[in-house]
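Q: My structure is in model.txt, and what it holds is compact mmCIF, C-alpha atoms and all ligand atoms:
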```
# COMPACT_ATOMS: atom_id res chain seq x y z
CA MET A 274 138.46 123.35 110.35
CA LYS A 275 135.59 121.08 109.43
CA ALA A 276 134.23 121.15 105.86
CA VAL A 277 131.99 119.24 103.44
CA VAL A 278 134.35 118.10 100.70
CA VAL A 279 133.52 116.61 97.29
CA THR A 280 136.47 114.33 96.67
CA GLY A 281 135.96 113.47 92.99
CA TYR A 282 133.58 113.24 90.01
CA LYS A 283 130.35 111.57 91.20
CA GLN A 284 132.11 110.59 94.43
CA GLY A 285 129.61 112.21 96.81
CA TYR A 286 130.82 114.31 99.75
CA ARG A 287 132.62 113.73 103.02
CA ILE A 288 132.71 115.76 106.23
CA GLN A 289 136.40 116.12 107.01
CA GLU A 290 139.10 118.23 108.62
CA VAL A 291 140.87 120.57 106.20
CA ALA A 292 143.46 123.34 106.69
CA ASP A 293 142.10 126.73 107.79
CA PRO A 294 141.99 129.07 104.76
CA LYS A 295 144.54 131.92 104.51
CA PRO A 296 143.72 134.92 102.33
CA SER A 297 146.00 135.84 99.43
CA SER A 298 146.42 139.54 98.63
CA ASP A 299 143.05 139.94 96.85
CA GLU A 300 140.99 137.78 99.20
CA VAL A 301 139.31 137.83 102.58
CA VAL A 302 138.55 135.00 104.97
CA ILE A 303 135.11 135.02 106.52
CA LYS A 304 133.60 133.14 109.40
CA VAL A 305 130.60 131.43 107.82
CA ASP A 306 127.50 132.66 109.68
CA ARG A 307 124.99 130.91 107.41
CA ALA A 308 125.29 128.90 104.23
CA ALA A 309 122.37 127.47 102.25
CA LEU A 310 121.72 124.17 100.51
CA CYS A 311 120.60 124.32 96.91
CA TYR A 312 119.23 122.00 94.25
CA ARG A 313 122.36 122.87 92.27
CA ASP A 314 124.48 121.02 94.88
CA LEU A 315 122.67 117.81 93.90
CA LEU A 316 123.34 118.46 90.19
CA GLN A 317 126.99 119.10 91.04
CA LEU A 318 127.18 115.81 92.92
CA GLN A 319 125.61 114.09 89.90
CA GLY A 320 128.44 115.40 87.72
CA TYR A 321 126.56 118.04 85.69
CA TYR A 322 129.15 120.76 86.43
CA PRO A 323 132.15 119.99 84.20
CA ARG A 324 134.28 122.84 85.57
CA MET A 325 134.48 121.33 89.07
CA LYS A 326 138.03 120.80 90.31
CA TYR A 327 138.47 118.10 92.93
CA PRO A 328 138.72 117.99 95.85
CA VAL A 329 136.46 121.00 96.40
CA ILE A 330 134.42 122.28 99.34
CA LEU A 331 130.72 122.16 98.45
CA GLY A 332 128.23 125.07 98.79
CA HIS A 333 127.83 128.35 96.92
CA GLU A 334 125.46 130.42 99.10
CA VAL A 335 126.88 132.24 102.11
CA VAL A 336 126.74 135.17 104.49
CA GLY A 337 129.61 135.70 106.86
CA THR A 338 131.74 138.06 108.91
CA ILE A 339 135.20 139.06 107.73
CA GLU A 340 137.93 137.61 109.96
CA GLU A 341 141.06 138.39 107.99
CA ILE A 342 141.88 140.50 104.92
CA GLY A 343 144.58 140.19 102.26
CA ASN A 344 147.31 142.83 101.75
CA ASN A 345 145.63 144.55 98.78
CA VAL A 346 142.10 144.62 100.18
CA SER A 347 141.04 148.17 100.99
CA ASN A 348 137.25 148.44 100.75
CA PHE A 349 136.50 145.83 103.40
CA LYS A 350 137.63 145.39 106.98
CA LYS A 351 137.55 142.82 109.74
CA GLY A 352 134.06 142.58 111.22
CA ASP A 353 132.18 143.55 108.03
CA LYS A 354 129.13 141.41 107.28
CA VAL A 355 129.24 140.28 103.65
CA VAL A 356 127.67 137.99 101.08
CA SER A 357 129.49 136.53 98.10
CA LEU A 358 128.48 136.28 94.47
CA LEU A 359 128.31 132.67 93.28
CA TYR A 360 131.50 133.30 91.31
CA ALA A 361 134.64 135.39 91.34
CA PRO A 362 134.90 137.81 88.38
CA ASP A 363 138.33 139.23 87.46
CA GLY A 364 137.04 142.78 87.92
CA THR A 365 139.08 144.07 84.97
CA CYS A 366 137.50 142.91 81.69
CA LYS A 367 135.00 144.94 79.65
CA TYR A 368 132.01 143.12 81.15
CA CYS A 369 133.21 143.66 84.69
CA LYS A 370 133.77 147.35 83.94
CA GLN A 371 130.18 147.63 82.64
CA GLY A 372 128.84 146.06 85.84
CA GLU A 373 127.95 142.87 83.93
CA GLU A 374 130.45 140.71 85.80
CA ALA A 375 128.20 137.65 85.35
CA TYR A 376 129.58 137.58 81.77
CA CYS A 377 133.24 137.83 82.78
CA HIS A 378 135.38 135.52 80.62
CA SER A 379 137.64 134.54 83.47
CA ARG A 380 135.04 134.12 86.19
CA LEU A 381 135.58 131.20 88.55
CA GLY A 382 132.75 129.50 90.43
CA TYR A 383 132.64 128.78 94.15
CA SER A 384 132.07 125.08 94.74
CA GLU A 385 133.44 124.61 91.21
CA GLU A 386 136.98 125.88 90.53
CA LEU A 387 137.13 127.53 93.96
CA ASP A 388 136.30 126.09 97.36
CA GLY A 389 132.73 126.72 98.46
CA PHE A 390 131.14 127.55 101.77
CA PHE A 391 130.05 124.44 103.67
CA ALA A 392 132.82 124.96 106.22
CA GLU A 393 133.57 126.94 109.35
CA TYR A 394 135.61 129.50 107.41
CA ALA A 395 135.81 130.41 103.73
CA LYS A 396 138.19 132.28 101.46
CA ILE A 397 136.51 134.74 99.07
CA LYS A 398 137.91 136.98 96.29
CA VAL A 399 137.27 140.64 96.98
CA THR A 400 135.63 140.99 93.53
CA SER A 401 132.80 138.70 94.77
CA LEU A 402 131.97 140.60 97.96
CA VAL A 403 128.95 142.76 98.71
CA LYS A 404 128.41 144.41 102.10
CA VAL A 405 125.18 143.58 103.91
CA PRO A 406 123.17 146.60 105.15
CA GLN A 407 123.12 146.87 108.95
CA GLY A 408 120.28 145.13 110.70
CA THR A 409 119.60 142.63 107.89
CA GLN A 410 118.98 139.13 109.22
CA ASP A 411 121.44 136.42 108.14
CA GLU A 412 118.52 134.19 107.06
CA GLY A 413 117.48 136.76 104.47
CA SER A 414 120.98 137.80 103.37
CA VAL A 415 122.20 134.27 102.68
CA LEU A 416 119.43 133.82 100.12
CA VAL A 417 120.33 136.88 98.06
CA PRO A 418 123.12 135.80 95.67
CA CYS A 419 121.54 132.55 94.46
CA VAL A 420 117.83 133.17 95.09
CA THR A 421 116.39 136.64 95.62
CA GLY A 422 119.14 138.59 93.84
CA MET A 423 119.10 136.10 90.97
CA VAL A 424 115.30 136.52 90.64
CA TYR A 425 115.70 140.31 90.92
CA ARG A 426 118.07 140.20 87.94
CA GLY A 427 115.75 137.86 86.03
CA LEU A 428 112.86 140.29 86.41
CA THR A 429 115.11 143.21 85.53
CA ARG A 430 116.22 141.37 82.37
CA ALA A 431 112.54 140.67 81.62
CA LYS A 432 111.90 144.45 81.94
CA LEU A 433 109.13 143.92 84.45
CA LYS A 434 106.82 146.95 84.66
CA GLN A 435 104.74 148.06 87.66
CA GLY A 436 101.35 146.39 87.68
CA GLU A 437 102.27 143.53 85.35
CA THR A 438 101.30 139.98 86.27
CA VAL A 439 104.00 137.44 87.09
CA LEU A 440 103.34 133.70 87.36
CA VAL A 441 105.79 131.55 89.32
CA THR A 442 105.94 127.77 88.82
CA GLY A 443 107.23 125.55 91.63
CA ALA A 444 105.97 128.25 93.99
CA SER A 445 106.64 126.28 97.17
CA GLY A 446 110.27 125.57 96.29
CA GLY A 447 113.24 127.39 97.76
CA VAL A 448 113.42 129.69 94.72
CA GLY A 449 109.67 129.85 94.01
CA ILE A 450 108.46 131.00 97.42
CA HIS A 451 110.97 133.86 97.35
CA ALA A 452 110.41 134.66 93.65
CA LEU A 453 106.78 135.49 94.51
CA GLN A 454 107.99 137.99 97.09
CA VAL A 455 110.64 139.58 94.86
CA ALA A 456 108.12 140.03 92.03
CA LYS A 457 105.62 141.58 94.42
CA ALA A 458 108.24 143.86 95.95
CA MET A 459 109.04 145.01 92.39
CA GLY A 460 105.41 146.01 91.84
CA ALA A 461 103.87 142.95 90.18
CA LYS A 462 100.66 141.07 90.78
CA VAL A 463 101.72 137.45 91.42
CA ILE A 464 100.27 134.00 90.74
CA GLY A 465 101.87 130.98 92.41
CA VAL A 466 101.56 127.53 90.83
CA THR A 467 102.02 124.36 92.85
CA THR A 468 101.09 120.71 92.46
CA SER A 469 100.31 120.30 96.14
CA GLU A 470 97.00 121.23 97.77
CA GLU A 471 98.60 121.12 101.24
CA LYS A 472 101.18 123.78 100.30
CA ALA A 473 98.68 126.16 98.71
CA ASP A 474 97.91 127.78 102.09
CA ILE A 475 101.53 128.76 102.68
CA ILE A 476 101.86 130.07 99.12
CA LYS A 477 98.72 132.20 99.64
CA LYS A 478 100.66 134.24 102.20
CA TYR A 479 102.94 135.51 99.46
CA ALA A 480 100.87 135.31 96.25
CA ASP A 481 97.73 137.14 95.11
CA TYR A 482 96.46 133.93 93.50
CA VAL A 483 97.37 130.26 93.81
CA ILE A 484 96.75 127.59 91.19
CA VAL A 485 97.05 123.92 92.17
CA GLY A 486 97.79 121.44 89.39
CA THR A 487 99.94 120.66 86.39
CA ASN A 488 97.64 122.09 83.70
CA PHE A 489 97.69 125.64 84.97
CA SER A 490 97.75 127.78 81.82
CA LYS A 491 94.00 127.89 81.26
CA GLU A 492 93.26 129.00 84.81
CA ALA A 493 96.12 131.50 84.71
CA ARG A 494 94.75 133.13 81.57
CA LYS A 495 91.36 133.50 83.28
CA ILE A 496 92.94 135.41 86.17
CA ASP A 497 94.70 138.00 84.03
CA ASP A 498 97.08 138.55 81.12
CA VAL A 499 100.26 136.88 82.33
CA ASN A 500 103.18 139.08 81.28
CA VAL A 501 106.10 137.23 82.85
CA VAL A 502 106.57 133.63 83.95
CA ILE A 503 109.37 132.66 86.29
CA ASP A 504 109.72 128.94 85.62
CA THR A 505 111.64 127.38 88.50
CA VAL A 506 110.91 123.80 87.44
CA GLY A 507 111.97 123.06 83.85
CA THR A 508 110.76 120.64 81.20
CA PRO A 509 107.76 119.41 83.26
CA THR A 510 106.26 122.94 83.38
CA PHE A 511 107.80 124.76 80.39
CA ASP A 512 104.97 124.00 77.96
CA GLU A 513 102.24 125.24 80.30
CA SER A 514 104.42 128.24 81.22
CA LEU A 515 104.60 129.26 77.55
CA LYS A 516 100.85 128.76 77.10
CA SER A 517 100.13 130.95 80.15
CA LEU A 518 101.73 134.03 78.58
CA TRP A 519 99.80 136.78 76.90
CA MET A 520 101.30 138.47 73.82
CA GLY A 521 104.61 140.17 74.45
CA GLY A 522 105.16 137.86 77.39
CA ARG A 523 108.54 136.90 78.73
CA ILE A 524 109.55 133.61 80.30
CA VAL A 525 112.47 133.66 82.71
CA GLN A 526 113.74 130.08 82.71
CA ILE A 527 115.54 129.31 85.95
CA GLY A 528 114.68 125.70 86.75
CA ASN A 529 116.04 122.63 85.01
CA VAL A 530 115.13 119.71 87.28
CA ASP A 531 116.16 117.09 84.75
CA PRO A 532 119.04 118.38 82.61
CA SER A 533 118.95 115.23 80.46
CA LYS A 534 115.45 116.04 79.07
CA ILE A 535 115.00 117.78 75.72
CA TYR A 536 112.10 120.12 74.99
CA GLU A 537 110.71 120.47 71.46
CA LEU A 538 109.63 124.03 70.81
CA LYS A 539 107.05 125.02 68.19
CA LEU A 540 108.68 128.19 66.88
CA GLY A 541 105.37 129.55 65.56
CA TYR A 542 104.07 129.79 69.07
CA VAL A 543 106.77 132.16 70.27
CA ILE A 544 106.90 134.07 66.97
CA LEU A 545 103.18 134.82 66.70
CA LYS A 546 102.86 135.81 70.36
CA ASP A 547 106.03 137.96 70.48
CA ILE A 548 107.36 135.81 73.30
CA GLU A 549 110.84 136.18 74.73
CA ILE A 550 112.60 133.23 76.35
CA ILE A 551 115.21 134.38 78.84
CA GLY A 552 117.58 131.73 80.10
CA HIS A 553 118.71 132.89 83.49
CA ALA A 554 121.12 131.82 86.22
CA SER A 555 123.02 134.38 88.20
CA ALA A 556 123.24 137.83 89.74
CA THR A 557 125.72 140.69 89.63
CA LYS A 558 126.70 142.92 92.56
CA LYS A 559 124.13 145.50 91.45
CA ASP A 560 121.34 142.87 91.65
CA VAL A 561 122.62 141.59 94.98
CA GLU A 562 122.54 145.15 96.34
CA GLY A 563 119.00 145.59 94.98
CA ALA A 564 117.71 142.42 96.61
CA LEU A 565 119.58 143.09 99.86
CA LYS A 566 117.82 146.47 100.01
CA LEU A 567 114.38 144.84 99.58
CA THR A 568 115.35 142.30 102.27
CA ALA A 569 116.56 145.00 104.67
CA GLU A 570 113.27 146.89 104.12
CA GLY A 571 111.35 143.77 105.15
CA LYS A 572 109.76 143.31 101.70
CA ILE A 573 111.24 139.82 101.37
CA SER A 574 110.90 137.44 104.33
CA PRO A 575 113.04 134.32 104.25
CA VAL A 576 111.00 131.11 104.27
CA ILE A 577 113.12 128.43 105.90
CA ALA A 578 112.28 124.72 105.62
CA GLY A 579 114.96 123.68 108.10
CA SER A 580 118.39 124.41 109.47
CA VAL A 581 121.28 121.98 110.00
CA ASN A 582 124.93 122.05 111.03
CA LEU A 583 127.88 120.58 109.10
CA GLU A 584 127.53 117.15 110.70
CA GLU A 585 123.84 117.04 109.72
CA ILE A 586 124.35 117.77 106.04
CA ASP A 587 122.68 114.47 105.01
CA LYS A 588 119.59 115.50 106.94
CA GLY A 589 119.73 118.88 105.19
CA TYR A 590 119.50 117.24 101.77
CA GLU A 591 116.66 115.03 103.00
CA ILE A 592 114.74 118.19 103.92
CA LEU A 593 115.65 119.72 100.54
CA LYS A 594 114.19 116.71 98.73
CA ASP A 595 111.15 116.40 101.03
CA LYS A 596 108.11 117.30 98.94
CA HIS A 597 106.17 118.38 102.04
CA LYS A 598 108.62 121.12 103.03
CA VAL A 599 108.44 124.75 101.90
CA GLY A 600 111.41 127.09 101.58
CA LYS A 601 115.20 126.93 101.79
CA VAL A 602 117.41 124.73 103.92
CA LEU A 603 120.12 126.61 105.80
CA LEU A 604 123.40 125.45 107.25
CA LYS A 605 124.92 126.99 110.35
CA PRO A 606 128.36 125.45 110.79
ZN ZN A 701 122.07 127.96 94.88
ZN ZN A 702 135.73 140.26 84.07
```
Output the file's structure in the form of structure tokens.
Ligand SMILES: [Zn+2]
Ligand SMILES: [Zn+2]

A:
Amino acid sequence: MKAVVVTGYKQGYRIQEVADPKPSSDEVVIKVDRAALCYRDLLQLQGYYPRMKYPVILGHEVVGTIEEIGNNVSNFKKGDKVVSLLYAPDGTCKYCKQGEEAYCHSRLGYSEELDGFFAEYAKIKVTSLVKVPQGTQDEGSVLVPCVTGMVYRGLTRAKLKQGETVLVTGASGGVGIHALQVAKAMGAKVIGVTTSEEKADIIKKYADYVIVGTNFSKEARKIDDVNVVIDTVGTPTFDESLKSLWMGGRIVQIGNVDPSKIYELKLGYVILKDIEIIGHASATKKDVEGALKLTAEGKISPVIAGSVNLEEIDKGYEILKDKHKVGKVLLKP
């Protein structure tokens, strides 16, 4: 089969023929229906993911149809539509048993220690699989494990209450435009922040308010008490994100556009305002099921910036980096 393979540390990727995957006893092989490109792929290619084993197939977001099952797989069958967590938990440790498999000691990451999903077929551990409710569109399902389910967990960890106000930075990005929708579906009033006037109109479709500009905290505070910020950008927005929050506010930090940058925090600011900083990255099966349900109910609509096939992967990353585009870039092998 054809796959996008990262051959070595900072070596970029190559489209090449590799052997078709065969499931071991605790795995399934899926036909990849849709995969999605992610900013994290670029960080992986830049060498920021030390656990990567080379060569490895790139891509960690997928929805597919089961083609073949391993000998010990009983809860899934050929033809099932599934998504995969971004990682494979062991399913046996105390965290896995509590349903907190994101904290599993022996978890392995797809596109890191395990082959990822930019290929025609992919091998997935059964502990990573979640069934997709019937009738859910692939475009919405593929976004759940890394985007909508991850945001769903972030807002759950932030103990979002009905009627609270959530501000989302980077609101036109692949995560941001969907974070607005997840927050709204969970009962929040939402403010989207963007730096681009031209993208404000699209953001307005999903947000109650839109702020354009880099110094957004003052305007945000005028709109309402901001209770939760989902920061999808990182050091460029973190300061203003903190300043936007009313007392008791929570910041869910998802973005980290420049991992080499250091942020100096004035502790007094978070202490005196009772602010919680929640570093956040992944989703468990429970969160994936929650976000899949919202997607199936039509409360989250996928916003797609473009779609490419395996051969066009370069073009896909161009769209991902294009500042004029809104939403996620999908890959249909
Ligand atoms: Zn991702
Ligand atoms: Zn575990």

Q: Given the choices A:Ser357, A:Thr365, A:Ser379, A:Thr338, which gets closest to ligand ZN 701 (chain A) if the distance is worked out from all atoms listed in the file?

A: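 Using all atoms listed in the file, ligand ZN 701 (chain A) sits closest to A:Ser357.
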
Q: If you count all atoms listed in the file, which residues fall within 9 Å of A:Lys559, apart from same-chain ones fewer than 3 positions away, as a list of chain:residue names?

A: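 Near A:Lys559, the qualifying residues are A:Gly372, A:Glu373, A:Gly422, A:Arg426, A:Ala556, A:Glu562, A:Gly563, A:Ala564.
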
Q: Mind dumping the selected residues with C-alpha atoms as a compact mmCIF listing (two decimals), in the frame of the given file?

A:
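Dumped everything to out_5.txt:
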```txt
# COMPACT_ATOMS: atom_id res chain seq x y z
CA GLY A 372 128.84 146.06 85.84
CA GLU A 373 127.95 142.87 83.93
CA GLY A 422 119.14 138.59 93.84
CA ARG A 426 118.07 140.20 87.94
CA ALA A 556 123.24 137.83 89.74
CA GLU A 562 122.54 145.15 96.34
CA GLY A 563 119.00 145.59 94.98
CA ALA A 564 117.71 142.42 96.61
```

Q: Scan for residues within 10 Å of the point (129.8, 118.5, 113.5) in the coordinates of the file, using only C-alpha atoms, and reply as an mmCIF file with C-alpha atoms, in the frame of the given file.

A:
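Once written, result-v4.cif looks like this:
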```
data_model
loop_
_atom_site.group_PDB
_atom_site.id
_atom_site.type_symbol
_atom_site.label_atom_id
_atom_site.label_comp_id
_atom_site.auth_asym_id
_atom_site.auth_seq_id
_atom_site.Cartn_x
_atom_site.Cartn_y
_atom_site.Cartn_z
ATOM 1 C CA LYS A 275 135.590 121.080 109.430
ATOM 2 C CA ALA A 276 134.230 121.150 105.860
ATOM 3 C CA ILE A 288 132.710 115.760 106.230
ATOM 4 C CA GLN A 289 136.400 116.120 107.010
ATOM 5 C CA VAL A 581 121.280 121.980 110.000
ATOM 6 C CA ASN A 582 124.930 122.050 111.030
ATOM 7 C CA LEU A 583 127.880 120.580 109.100
ATOM 8 C CA GLU A 584 127.530 117.150 110.700
ATOM 9 C CA GLU A 585 123.840 117.040 109.720
ATOM 10 C CA ILE A 586 124.350 117.770 106.040
ATOM 11 C CA PRO A 606 128.360 125.450 110.790
#
```

Q: Which is closest to ligand ZN 701 (chain A) among A:Arg313, A:Lys398, A:Lys304, A:Lys326, if we use all atoms listed in the file?

A: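 Residue with the minimum atom-to-atom distance to ligand ZN 701 (chain A): A:Arg313.
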
Q: May I have the residues within 7 Å of ligand ZN 702 (chain A), computed using all atoms listed in the file, as a ChimeraX atom specification?

A: /A:362-369,374,377-380

Q: Residues near A:Val525, anyone? I mean within 9 Å using all atoms listed in the file, not counting same-chain ones fewer than 5 positions away, as a list in words.

A: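 The contact residues come out as Val424, Gly427, Leu428, Arg430, Ala431, Val501, Val502, Ile503, Asp504, Thr505, Glu549, Ile550, Ile551, Gly552 and His553 of chain A.
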
Q: Any chance you could export the current selection's C-alpha atoms as a CSV table (one decimal), keeping the file's coordinate frame?

A:
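Written file, part-v4.csv:
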```csv
chain,number,residue,atom,x,y,z
A,424,VAL,CA,115.3,136.5,90.6
A,427,GLY,CA,115.8,137.9,86.0
A,428,LEU,CA,112.9,140.3,86.4
A,430,ARG,CA,116.2,141.4,82.4
A,431,ALA,CA,112.5,140.7,81.6
A,501,VAL,CA,106.1,137.2,82.8
A,502,VAL,CA,106.6,133.6,84.0
A,503,ILE,CA,109.4,132.7,86.3
A,504,ASP,CA,109.7,128.9,85.6
A,505,THR,CA,111.6,127.4,88.5
A,549,GLU,CA,110.8,136.2,74.7
A,550,ILE,CA,112.6,133.2,76.4
A,551,ILE,CA,115.2,134.4,78.8
A,552,GLY,CA,117.6,131.7,80.1
A,553,HIS,CA,118.7,132.9,83.5
```

Q: Counting all atoms listed in the file, what are the residues of chain A within 6 Å of ligand ZN 701 (chain A), and for each of them which pair of atoms is the nearest and at what distance in Å, to one decimal? Sort the table by chain and rising number, as a Markdown table.

A:
```
| residue | atom | partner | partner_atom | distance |
| --- | --- | --- | --- | --- |
| A:Cys311 | CA | A:ZN701 | ZN | 4.4 |
| A:Arg313 | CA | A:ZN701 | ZN | 5.7 |
| A:Glu334 | CA | A:ZN701 | ZN | 5.9 |
| A:Cys419 | CA | A:ZN701 | ZN | 4.6 |
```

Q: Write to file, as a PDB file, in the coordinates of the input, the residues of the selection just made, with C-alpha atoms.

A:
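What follows is the written file part06.pdb:
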```pdb
ATOM      1  CA  CYS A 311     120.600 124.320  96.910  1.00  0.00           C
ATOM      2  CA  ARG A 313     122.360 122.870  92.270  1.00  0.00           C
ATOM      3  CA  GLU A 334     125.460 130.420  99.100  1.00  0.00           C
ATOM      4  CA  CYS A 419     121.540 132.550  94.460  1.00  0.00           C
TER       5      CYS A 419
END
```

Q: Just give me the gap between atom CA of A:Glu513 and atom CA of A:Gly446 in Å, one decimal is fine.

A: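 So the two atoms, atom CA of A:Glu513 and atom CA of A:Gly446, lie 17.9 Å apart.
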
Q: Atom CA of A:Leu310 and atom CA of A:Ile592, how far apart in Å?

A: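 Between atom CA of A:Ile592 and atom CA of A:Leu310 the gap works out to 9.8 Å.
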
Q: Hey, which of A:Tyr394, A:Tyr312, A:Tyr376, A:Tyr479 ends up closest to A:Asp293? Count all atoms listed in the file.

A: A:Tyr394

Q: Give me the residues near A:Ser514 as a list of chain:residue names, where near means some atom within 8 Å (using only C-alpha atoms) and where sequence neighbours in that chain fewer than 3 positions away do not count.

A: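 The residues satisfying every condition are A:Thr442, A:Ser490, A:Val502, A:Asp504, A:Thr510, A:Phe511, A:Ser517, A:Leu518, A:Ile524.
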
Q: Rounded to one decimal place, report the atom CA of A:Ile397-atom CA of A:Asp314 distance in Å.

A: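 Taking atom CA of A:Ile397 and atom CA of A:Asp314, their separation equals 18.7 Å.
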
Q: Counting only C-alpha atoms, which residue out of A:Pro406, A:Gly332, A:Gly343, A:Gly449 sits closest to A:Ala392?

A: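 Looking at the shortest contact to A:Ala392, the residue is A:Gly332.
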